[in-house]
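Data first, discussion second: the structure below is written as structure tokens.
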Amino acid sequence: MTMREIELDASSWKTVQDFRLALKIAIGAPEWHGDIMGAFLDSIFGGGMNALKPPYVIKVVTTAKLVPDVKEMVHDFSSAIARTRARRLARVGEDVAVRFEIEN
């Protein structure tokens, strides 16, 4: 199966909420989707909620000028995606093919 690539341009993000909104749009989250990291991880790895289905990679570009708290959130989310994917594979033997990459 081909890995779809979704690009998020971070050049206009000023707040963590800007990142969350862009991510919700990218994954096709329902309007009532939560804003905490756990809600994103549940909807991505639990399946059935978002319009975007694995396999896919989300690439965040133009991050060089992000303010520190937004940059930290993006990096934390990237780490959480990798950890959750590995944990799910180890626990239930299912590889949900989702990656999150950060580029400048």
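Naming works like this for the structure tokens: A, B, ... for the chains as they're shown, residue 1 at the start of each chain, ligands 1 onward in shown order.
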
* May I have all residues of region 4-102 of chain A that DSSP, computed from the backbone, assigns to strand (DSSP E), given as a PyMOL selection string? => chain A and resi 4-9+56-61+98-102

Non-local contacts of Ile58 (chain A) (12 Å; only C-alpha atoms; under 3 positions in same chain excluded) as a PDB file with all heavy atoms, in the first residue's frame:
ATOM      1  N   MET A   3       2.195   4.898   0.865  1.00  0.00           N
ATOM      2  CA  MET A   3       2.150   5.821   2.009  1.00  0.00           C
ATOM      3  C   MET A   3       1.805   7.218   1.483  1.00  0.00           C
ATOM      4  O   MET A   3       2.565   7.795   0.711  1.00  0.00           O
ATOM      5  CB  MET A   3       3.507   5.822   2.720  1.00  0.00           C
ATOM      6  CG  MET A   3       3.616   6.738   3.898  1.00  0.00           C
ATOM      7  SD  MET A   3       2.942   6.126   5.440  1.00  0.00           S
ATOM      8  CE  MET A   3       4.155   4.953   5.973  1.00  0.00           C
ATOM      9  N   ARG A   4       0.655   7.725   1.880  1.00  0.00           N
ATOM     10  CA  ARG A   4       0.269   9.087   1.495  1.00  0.00           C
ATOM     11  C   ARG A   4       1.076  10.088   2.293  1.00  0.00           C
ATOM     12  O   ARG A   4       1.411   9.851   3.452  1.00  0.00           O
ATOM     13  CB  ARG A   4      -1.220   9.328   1.756  1.00  0.00           C
ATOM     14  CG  ARG A   4      -2.093   8.643   0.742  1.00  0.00           C
ATOM     15  CD  ARG A   4      -3.519   8.724   1.164  1.00  0.00           C
ATOM     16  NE  ARG A   4      -3.641   7.712   2.227  1.00  0.00           N
ATOM     17  CZ  ARG A   4      -4.756   7.385   2.837  1.00  0.00           C
ATOM     18  NH1 ARG A   4      -5.853   8.002   2.546  1.00  0.00           N
ATOM     19  NH2 ARG A   4      -4.785   6.453   3.759  1.00  0.00           N
ATOM     20  N   GLU A   5       1.388  11.216   1.676  1.00  0.00           N
ATOM     21  CA  GLU A   5       2.152  12.262   2.344  1.00  0.00           C
ATOM     22  C   GLU A   5       1.296  13.516   2.466  1.00  0.00           C
ATOM     23  O   GLU A   5       0.799  14.037   1.478  1.00  0.00           O
ATOM     24  CB  GLU A   5       3.419  12.578   1.552  1.00  0.00           C
ATOM     25  CG  GLU A   5       4.316  13.556   2.252  1.00  0.00           C
ATOM     26  CD  GLU A   5       5.639  13.739   1.517  1.00  0.00           C
ATOM     27  OE1 GLU A   5       6.338  12.737   1.297  1.00  0.00           O
ATOM     28  OE2 GLU A   5       5.943  14.898   1.172  1.00  0.00           O
ATOM     29  N   ILE A   6       1.122  13.954   3.698  1.00  0.00           N
ATOM     30  CA  ILE A   6       0.354  15.162   3.992  1.00  0.00           C
ATOM     31  C   ILE A   6       1.345  16.205   4.493  1.00  0.00           C
ATOM     32  O   ILE A   6       2.103  15.940   5.429  1.00  0.00           O
ATOM     33  CB  ILE A   6      -0.709  14.901   5.094  1.00  0.00           C
ATOM     34  CG1 ILE A   6      -1.541  13.656   4.792  1.00  0.00           C
ATOM     35  CG2 ILE A   6      -1.551  16.135   5.343  1.00  0.00           C
ATOM     36  CD1 ILE A   6      -2.288  13.661   3.502  1.00  0.00           C
ATOM     37  N   GLU A   7       1.355  17.371   3.869  1.00  0.00           N
ATOM     38  CA  GLU A   7       2.297  18.412   4.273  1.00  0.00           C
ATOM     39  C   GLU A   7       1.551  19.524   5.011  1.00  0.00           C
ATOM     40  O   GLU A   7       0.543  20.027   4.534  1.00  0.00           O
ATOM     41  CB  GLU A   7       3.000  18.983   3.045  1.00  0.00           C
ATOM     42  CG  GLU A   7       4.108  19.948   3.389  1.00  0.00           C
ATOM     43  CD  GLU A   7       4.903  20.375   2.174  1.00  0.00           C
ATOM     44  OE1 GLU A   7       5.712  19.566   1.682  1.00  0.00           O
ATOM     45  OE2 GLU A   7       4.690  21.523   1.728  1.00  0.00           O
ATOM     46  N   LEU A   8       2.086  19.879   6.176  1.00  0.00           N
ATOM     47  CA  LEU A   8       1.546  20.986   6.956  1.00  0.00           C
ATOM     48  C   LEU A   8       2.584  22.101   6.971  1.00  0.00           C
ATOM     49  O   LEU A   8       3.706  21.894   7.423  1.00  0.00           O
ATOM     50  CB  LEU A   8       1.246  20.553   8.396  1.00  0.00           C
ATOM     51  CG  LEU A   8       0.216  19.457   8.600  1.00  0.00           C
ATOM     52  CD1 LEU A   8       0.037  19.182  10.092  1.00  0.00           C
ATOM     53  CD2 LEU A   8      -1.106  19.844   7.979  1.00  0.00           C
ATOM     54  N   ASP A   9       2.201  23.267   6.502  1.00  0.00           N
ATOM     55  CA  ASP A   9       3.096  24.423   6.480  1.00  0.00           C
ATOM     56  C   ASP A   9       2.929  25.194   7.782  1.00  0.00           C
ATOM     57  O   ASP A   9       1.881  25.781   8.044  1.00  0.00           O
ATOM     58  CB  ASP A   9       2.770  25.310   5.287  1.00  0.00           C
ATOM     59  CG  ASP A   9       3.687  26.504   5.167  1.00  0.00           C
ATOM     60  OD1 ASP A   9       4.505  26.760   6.075  1.00  0.00           O
ATOM     61  OD2 ASP A   9       3.587  27.201   4.142  1.00  0.00           O
ATOM     62  N   ALA A  22      -4.572  22.803  12.455  1.00  0.00           N
ATOM     63  CA  ALA A  22      -4.020  22.307  11.195  1.00  0.00           C
ATOM     64  C   ALA A  22      -3.999  20.781  11.178  1.00  0.00           C
ATOM     65  O   ALA A  22      -4.299  20.156  10.153  1.00  0.00           O
ATOM     66  CB  ALA A  22      -2.611  22.865  10.988  1.00  0.00           C
ATOM     67  N   LEU A  23      -3.664  20.186  12.304  1.00  0.00           N
ATOM     68  CA  LEU A  23      -3.630  18.727  12.398  1.00  0.00           C
ATOM     69  C   LEU A  23      -5.030  18.138  12.267  1.00  0.00           C
ATOM     70  O   LEU A  23      -5.238  17.146  11.557  1.00  0.00           O
ATOM     71  CB  LEU A  23      -2.980  18.299  13.712  1.00  0.00           C
ATOM     72  CG  LEU A  23      -2.773  16.816  13.925  1.00  0.00           C
ATOM     73  CD1 LEU A  23      -1.922  16.199  12.809  1.00  0.00           C
ATOM     74  CD2 LEU A  23      -2.122  16.572  15.287  1.00  0.00           C
ATOM     75  N   LYS A  24      -5.996  18.746  12.918  1.00  0.00           N
ATOM     76  CA  LYS A  24      -7.388  18.264  12.804  1.00  0.00           C
ATOM     77  C   LYS A  24      -7.855  18.281  11.356  1.00  0.00           C
ATOM     78  O   LYS A  24      -8.478  17.334  10.879  1.00  0.00           O
ATOM     79  CB  LYS A  24      -8.328  19.130  13.651  1.00  0.00           C
ATOM     80  CG  LYS A  24      -8.283  18.842  15.115  1.00  0.00           C
ATOM     81  CD  LYS A  24      -9.283  19.741  15.828  1.00  0.00           C
ATOM     82  CE  LYS A  24      -9.259  19.538  17.314  1.00  0.00           C
ATOM     83  NZ  LYS A  24     -10.244  20.397  17.998  1.00  0.00           N
ATOM     84  N   ILE A  25      -7.550  19.364  10.663  1.00  0.00           N
ATOM     85  CA  ILE A  25      -7.951  19.481   9.257  1.00  0.00           C
ATOM     86  C   ILE A  25      -7.244  18.413   8.427  1.00  0.00           C
ATOM     87  O   ILE A  25      -7.865  17.754   7.593  1.00  0.00           O
ATOM     88  CB  ILE A  25      -7.661  20.903   8.731  1.00  0.00           C
ATOM     89  CG1 ILE A  25      -8.604  21.909   9.418  1.00  0.00           C
ATOM     90  CG2 ILE A  25      -7.799  20.962   7.210  1.00  0.00           C
ATOM     91  CD1 ILE A  25      -8.227  23.355   9.208  1.00  0.00           C
ATOM     92  N   ALA A  26      -5.943  18.234   8.667  1.00  0.00           N
ATOM     93  CA  ALA A  26      -5.156  17.278   7.885  1.00  0.00           C
ATOM     94  C   ALA A  26      -5.655  15.848   8.026  1.00  0.00           C
ATOM     95  O   ALA A  26      -5.676  15.098   7.048  1.00  0.00           O
ATOM     96  CB  ALA A  26      -3.686  17.360   8.299  1.00  0.00           C
ATOM     97  N   ILE A  27      -6.053  15.465   9.224  1.00  0.00           N
ATOM     98  CA  ILE A  27      -6.503  14.087   9.433  1.00  0.00           C
ATOM     99  C   ILE A  27      -8.003  13.918   9.210  1.00  0.00           C
ATOM    100  O   ILE A  27      -8.519  12.816   9.292  1.00  0.00           O
ATOM    101  CB  ILE A  27      -6.101  13.545  10.828  1.00  0.00           C
ATOM    102  CG1 ILE A  27      -6.778  14.319  11.961  1.00  0.00           C
ATOM    103  CG2 ILE A  27      -4.580  13.516  10.972  1.00  0.00           C
ATOM    104  CD1 ILE A  27      -6.522  13.767  13.369  1.00  0.00           C
ATOM    105  N   ILE A  44      -6.059   8.568  15.834  1.00  0.00           N
ATOM    106  CA  ILE A  44      -5.153   8.104  14.777  1.00  0.00           C
ATOM    107  C   ILE A  44      -4.931   6.600  14.871  1.00  0.00           C
ATOM    108  O   ILE A  44      -5.010   5.885  13.876  1.00  0.00           O
ATOM    109  CB  ILE A  44      -3.816   8.874  14.845  1.00  0.00           C
ATOM    110  CG1 ILE A  44      -4.035  10.330  14.404  1.00  0.00           C
ATOM    111  CG2 ILE A  44      -2.739   8.194  14.007  1.00  0.00           C
ATOM    112  CD1 ILE A  44      -2.863  11.257  14.679  1.00  0.00           C
ATOM    113  N   LEU A  52      -8.956  10.655   7.233  1.00  0.00           N
ATOM    114  CA  LEU A  52      -7.676  10.148   6.736  1.00  0.00           C
ATOM    115  C   LEU A  52      -7.350   8.819   7.411  1.00  0.00           C
ATOM    116  O   LEU A  52      -7.315   8.723   8.639  1.00  0.00           O
ATOM    117  CB  LEU A  52      -6.559  11.165   7.019  1.00  0.00           C
ATOM    118  CG  LEU A  52      -5.162  10.806   6.516  1.00  0.00           C
ATOM    119  CD1 LEU A  52      -5.145  10.701   4.987  1.00  0.00           C
ATOM    120  CD2 LEU A  52      -4.145  11.831   6.996  1.00  0.00           C
ATOM    121  N   LYS A  53      -7.131   7.808   6.606  1.00  0.00           N
ATOM    122  CA  LYS A  53      -6.835   6.468   7.108  1.00  0.00           C
ATOM    123  C   LYS A  53      -5.389   6.104   6.781  1.00  0.00           C
ATOM    124  O   LYS A  53      -4.881   6.472   5.733  1.00  0.00           O
ATOM    125  CB  LYS A  53      -7.758   5.426   6.463  1.00  0.00           C
ATOM    126  CG  LYS A  53      -9.235   5.753   6.546  1.00  0.00           C
ATOM    127  CD  LYS A  53      -9.747   5.696   7.948  1.00  0.00           C
ATOM    128  CE  LYS A  53     -11.257   5.913   7.974  1.00  0.00           C
ATOM    129  NZ  LYS A  53     -11.706   6.683   9.100  1.00  0.00           N
ATOM    130  N   PRO A  54      -4.730   5.355   7.676  1.00  0.00           N
ATOM    131  CA  PRO A  54      -3.366   4.908   7.391  1.00  0.00           C
ATOM    132  C   PRO A  54      -3.348   4.017   6.145  1.00  0.00           C
ATOM    133  O   PRO A  54      -4.353   3.401   5.819  1.00  0.00           O
ATOM    134  CB  PRO A  54      -2.995   4.101   8.632  1.00  0.00           C
ATOM    135  CG  PRO A  54      -3.915   4.599   9.705  1.00  0.00           C
ATOM    136  CD  PRO A  54      -5.188   4.960   8.994  1.00  0.00           C
ATOM    137  N   PRO A  55      -2.202   3.969   5.481  1.00  0.00           N
ATOM    138  CA  PRO A  55      -0.893   4.506   5.850  1.00  0.00           C
ATOM    139  C   PRO A  55      -0.718   5.943   5.384  1.00  0.00           C
ATOM    140  O   PRO A  55      -1.180   6.318   4.309  1.00  0.00           O
ATOM    141  CB  PRO A  55       0.075   3.584   5.112  1.00  0.00           C
ATOM    142  CG  PRO A  55      -0.674   3.180   3.887  1.00  0.00           C
ATOM    143  CD  PRO A  55      -2.132   3.113   4.287  1.00  0.00           C
ATOM    144  N   VAL A  61       6.461  21.359   7.690  1.00  0.00           N
ATOM    145  CA  VAL A  61       7.529  22.118   7.051  1.00  0.00           C
ATOM    146  C   VAL A  61       7.491  23.577   7.493  1.00  0.00           C
ATOM    147  O   VAL A  61       6.497  24.034   8.055  1.00  0.00           O
ATOM    148  CB  VAL A  61       7.441  22.023   5.512  1.00  0.00           C
ATOM    149  CG1 VAL A  61       7.580  20.568   5.051  1.00  0.00           C
ATOM    150  CG2 VAL A  61       6.144  22.610   4.993  1.00  0.00           C
ATOM    151  N   VAL A  74       5.125  20.413  18.703  1.00  0.00           N
ATOM    152  CA  VAL A  74       5.290  19.664  17.460  1.00  0.00           C
ATOM    153  C   VAL A  74       6.271  18.509  17.668  1.00  0.00           C
ATOM    154  O   VAL A  74       6.015  17.381  17.248  1.00  0.00           O
ATOM    155  CB  VAL A  74       5.741  20.602  16.320  1.00  0.00           C
ATOM    156  CG1 VAL A  74       6.165  19.813  15.092  1.00  0.00           C
ATOM    157  CG2 VAL A  74       4.622  21.583  15.966  1.00  0.00           C
ATOM    158  N   PHE A  77       4.705  15.840  19.878  1.00  0.00           N
ATOM    159  CA  PHE A  77       3.724  15.063  19.136  1.00  0.00           C
ATOM    160  C   PHE A  77       4.420  14.038  18.236  1.00  0.00           C
ATOM    161  O   PHE A  77       3.986  12.880  18.157  1.00  0.00           O
ATOM    162  CB  PHE A  77       2.803  15.971  18.317  1.00  0.00           C
ATOM    163  CG  PHE A  77       1.655  15.238  17.708  1.00  0.00           C
ATOM    164  CD1 PHE A  77       0.590  14.819  18.482  1.00  0.00           C
ATOM    165  CD2 PHE A  77       1.649  14.930  16.363  1.00  0.00           C
ATOM    166  CE1 PHE A  77      -0.469  14.108  17.925  1.00  0.00           C
ATOM    167  CE2 PHE A  77       0.599  14.228  15.794  1.00  0.00           C
ATOM    168  CZ  PHE A  77      -0.463  13.822  16.577  1.00  0.00           C
ATOM    169  N   SER A  78       5.495  14.455  17.599  1.00  0.00           N
ATOM    170  CA  SER A  78       6.255  13.539  16.752  1.00  0.00           C
ATOM    171  C   SER A  78       6.756  12.338  17.561  1.00  0.00           C
ATOM    172  O   SER A  78       6.624  11.179  17.138  1.00  0.00           O
ATOM    173  CB  SER A  78       7.431  14.272  16.113  1.00  0.00           C
ATOM    174  OG  SER A  78       8.191  13.397  15.318  1.00  0.00           O
ATOM    175  N   ILE A  81       3.816  10.007  18.523  1.00  0.00           N
ATOM    176  CA  ILE A  81       3.374   9.172  17.400  1.00  0.00           C
ATOM    177  C   ILE A  81       4.282   7.949  17.286  1.00  0.00           C
ATOM    178  O   ILE A  81       3.812   6.810  17.171  1.00  0.00           O
ATOM    179  CB  ILE A  81       3.365   9.979  16.081  1.00  0.00           C
ATOM    180  CG1 ILE A  81       2.201  10.966  16.062  1.00  0.00           C
ATOM    181  CG2 ILE A  81       3.327   9.055  14.850  1.00  0.00           C
ATOM    182  CD1 ILE A  81       0.831  10.370  15.811  1.00  0.00           C
ATOM    183  N   ALA A  97       0.476   2.193  10.228  1.00  0.00           N
ATOM    184  CA  ALA A  97       1.525   2.882   9.481  1.00  0.00           C
ATOM    185  C   ALA A  97       1.273   4.384   9.387  1.00  0.00           C
ATOM    186  O   ALA A  97       0.753   4.893   8.402  1.00  0.00           O
ATOM    187  CB  ALA A  97       1.657   2.266   8.089  1.00  0.00           C
ATOM    188  N   VAL A  98       1.656   5.057  10.479  1.00  0.00           N
ATOM    189  CA  VAL A  98       1.543   6.512  10.544  1.00  0.00           C
ATOM    190  C   VAL A  98       2.883   7.043  11.029  1.00  0.00           C
ATOM    191  O   VAL A  98       3.441   6.546  11.998  1.00  0.00           O
ATOM    192  CB  VAL A  98       0.421   6.948  11.524  1.00  0.00           C
ATOM    193  CG1 VAL A  98       0.425   8.455  11.727  1.00  0.00           C
ATOM    194  CG2 VAL A  98      -0.935   6.476  11.022  1.00  0.00           C
ATOM    195  N   ARG A  99       3.395   8.046  10.319  1.00  0.00           N
ATOM    196  CA  ARG A  99       4.630   8.719  10.737  1.00  0.00           C
ATOM    197  C   ARG A  99       4.386  10.222  10.774  1.00  0.00           C
ATOM    198  O   ARG A  99       3.523  10.744  10.081  1.00  0.00           O
ATOM    199  CB  ARG A  99       5.774   8.425   9.758  1.00  0.00           C
ATOM    200  CG  ARG A  99       6.248   7.010   9.786  1.00  0.00           C
ATOM    201  CD  ARG A  99       7.576   6.784   9.070  1.00  0.00           C
ATOM    202  NE  ARG A  99       7.924   7.727   8.030  1.00  0.00           N
ATOM    203  CZ  ARG A  99       7.785   7.518   6.716  1.00  0.00           C
ATOM    204  NH1 ARG A  99       7.272   6.386   6.281  1.00  0.00           N
ATOM    205  NH2 ARG A  99       8.156   8.426   5.832  1.00  0.00           N
ATOM    206  N   PHE A 100       5.195  10.884  11.577  1.00  0.00           N
ATOM    207  CA  PHE A 100       5.111  12.341  11.735  1.00  0.00           C
ATOM    208  C   PHE A 100       6.533  12.861  11.646  1.00  0.00           C
ATOM    209  O   PHE A 100       7.374  12.499  12.460  1.00  0.00           O
ATOM    210  CB  PHE A 100       4.477  12.681  13.075  1.00  0.00           C
ATOM    211  CG  PHE A 100       4.100  14.123  13.242  1.00  0.00           C
ATOM    212  CD1 PHE A 100       2.860  14.588  12.827  1.00  0.00           C
ATOM    213  CD2 PHE A 100       4.990  15.032  13.808  1.00  0.00           C
ATOM    214  CE1 PHE A 100       2.513  15.917  12.988  1.00  0.00           C
ATOM    215  CE2 PHE A 100       4.646  16.356  13.960  1.00  0.00           C
ATOM    216  CZ  PHE A 100       3.397  16.800  13.550  1.00  0.00           C
ATOM    217  N   GLU A 101       6.812  13.665  10.639  1.00  0.00           N
ATOM    218  CA  GLU A 101       8.158  14.151  10.404  1.00  0.00           C
ATOM    219  C   GLU A 101       8.180  15.681  10.457  1.00  0.00           C
ATOM    220  O   GLU A 101       7.206  16.336  10.095  1.00  0.00           O
ATOM    221  CB  GLU A 101       8.667  13.681   9.053  1.00  0.00           C
ATOM    222  CG  GLU A 101       8.726  12.162   8.935  1.00  0.00           C
ATOM    223  CD  GLU A 101       9.105  11.677   7.557  1.00  0.00           C
ATOM    224  OE1 GLU A 101       9.297  12.514   6.638  1.00  0.00           O
ATOM    225  OE2 GLU A 101       9.202  10.459   7.388  1.00  0.00           O
ATOM    226  N   ILE A 102       9.310  16.201  10.895  1.00  0.00           N
ATOM    227  CA  ILE A 102       9.481  17.641  11.013  1.00  0.00           C
ATOM    228  C   ILE A 102      10.656  18.066  10.137  1.00  0.00           C
ATOM    229  O   ILE A 102      11.750  17.514  10.258  1.00  0.00           O
ATOM    230  CB  ILE A 102       9.740  18.042  12.476  1.00  0.00           C
ATOM    231  CG1 ILE A 102       8.616  17.532  13.365  1.00  0.00           C
ATOM    232  CG2 ILE A 102       9.904  19.558  12.597  1.00  0.00           C
ATOM    233  CD1 ILE A 102       8.943  17.559  14.839  1.00  0.00           C
ATOM    234  N   GLU A 103      10.407  19.023   9.281  1.00  0.00           N
ATOM    235  CA  GLU A 103      11.453  19.573   8.421  1.00  0.00           C
ATOM    236  C   GLU A 103      11.520  21.080   8.646  1.00  0.00           C
ATOM    237  O   GLU A 103      10.554  21.686   9.091  1.00  0.00           O
ATOM    238  CB  GLU A 103      11.141  19.294   6.957  1.00  0.00           C
ATOM    239  CG  GLU A 103      11.082  17.808   6.624  1.00  0.00           C
ATOM    240  CD  GLU A 103      10.745  17.543   5.175  1.00  0.00           C
ATOM    241  OE1 GLU A 103      10.491  18.502   4.420  1.00  0.00           O
ATOM    242  OE2 GLU A 103      10.726  16.364   4.795  1.00  0.00           O
TER     243      GLU A 103
END

* **Coordinates-based distance that separates CA of Trp32 (chain A) from CA of Val92 (chain A) (Å, one decimal)** =>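 Spanning CA of Val92 (chain A) to CA of Trp32 (chain A) is a straight-line distance of 28.1 Å.
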
* **Among the residues A:Asn50, A:Phe45, A:Phe19, A:Val67, the one that comes closest to His33 (chain A) [using only C-alpha atoms]** =>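 Of all the options, A:Asn50 lies closest to His33 (chain A).
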
* To do: Write out as a list in words each polymer residue whose atoms come within 9 Å of Thr84 (chain A), counting only C-alpha atoms; drop sequence neighbours fewer than 5 positions from it.
  =>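 Listed by chain and then number, they are Leu41, Phe45, Ser79 and Leu89 of chain A.
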
* Asked: From the list A:Thr15, A:Pro30, A:Glu94, A:Gly48, which residue is nearest Lys71 (chain A) when using only C-alpha atoms?
  -> A:Thr15

* For CA of Leu66 (chain A) and CA of Ala82 (chain A), the interatomic separation in Å (one decimal) ->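 That distance, rounded to one decimal, is 21.8 Å.
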
* Asked: Pick from A:Thr63, A:Glu31, A:Met49, A:Arg88: nearest to Ser12 (chain A), with only C-alpha atoms counted?
  ->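 Among the listed residues, A:Thr63 lies closest to Ser12 (chain A).
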
* Asked: Distance CA of Asp35 (chain A)-CA of Tyr56 (chain A), one decimal place?
  ->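 Computed distance, CA of Asp35 (chain A) to CA of Tyr56 (chain A), equals 20.7 Å.
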
* Asked: Which residue gives the smallest distance to Gly28 (chain A) among A:Ala86, A:Ala64, A:Met73, A:Ala51, with only C-alpha atoms counted?
  -> A:Ala51

* To do: List every residue of chain A that DSSP, applied to the backbone of this structure, assigns to helix (DSSP H, G or I), and report them as a PyMOL selection string.
  => chain A and resi 10-12+16-27+37-46+68-92
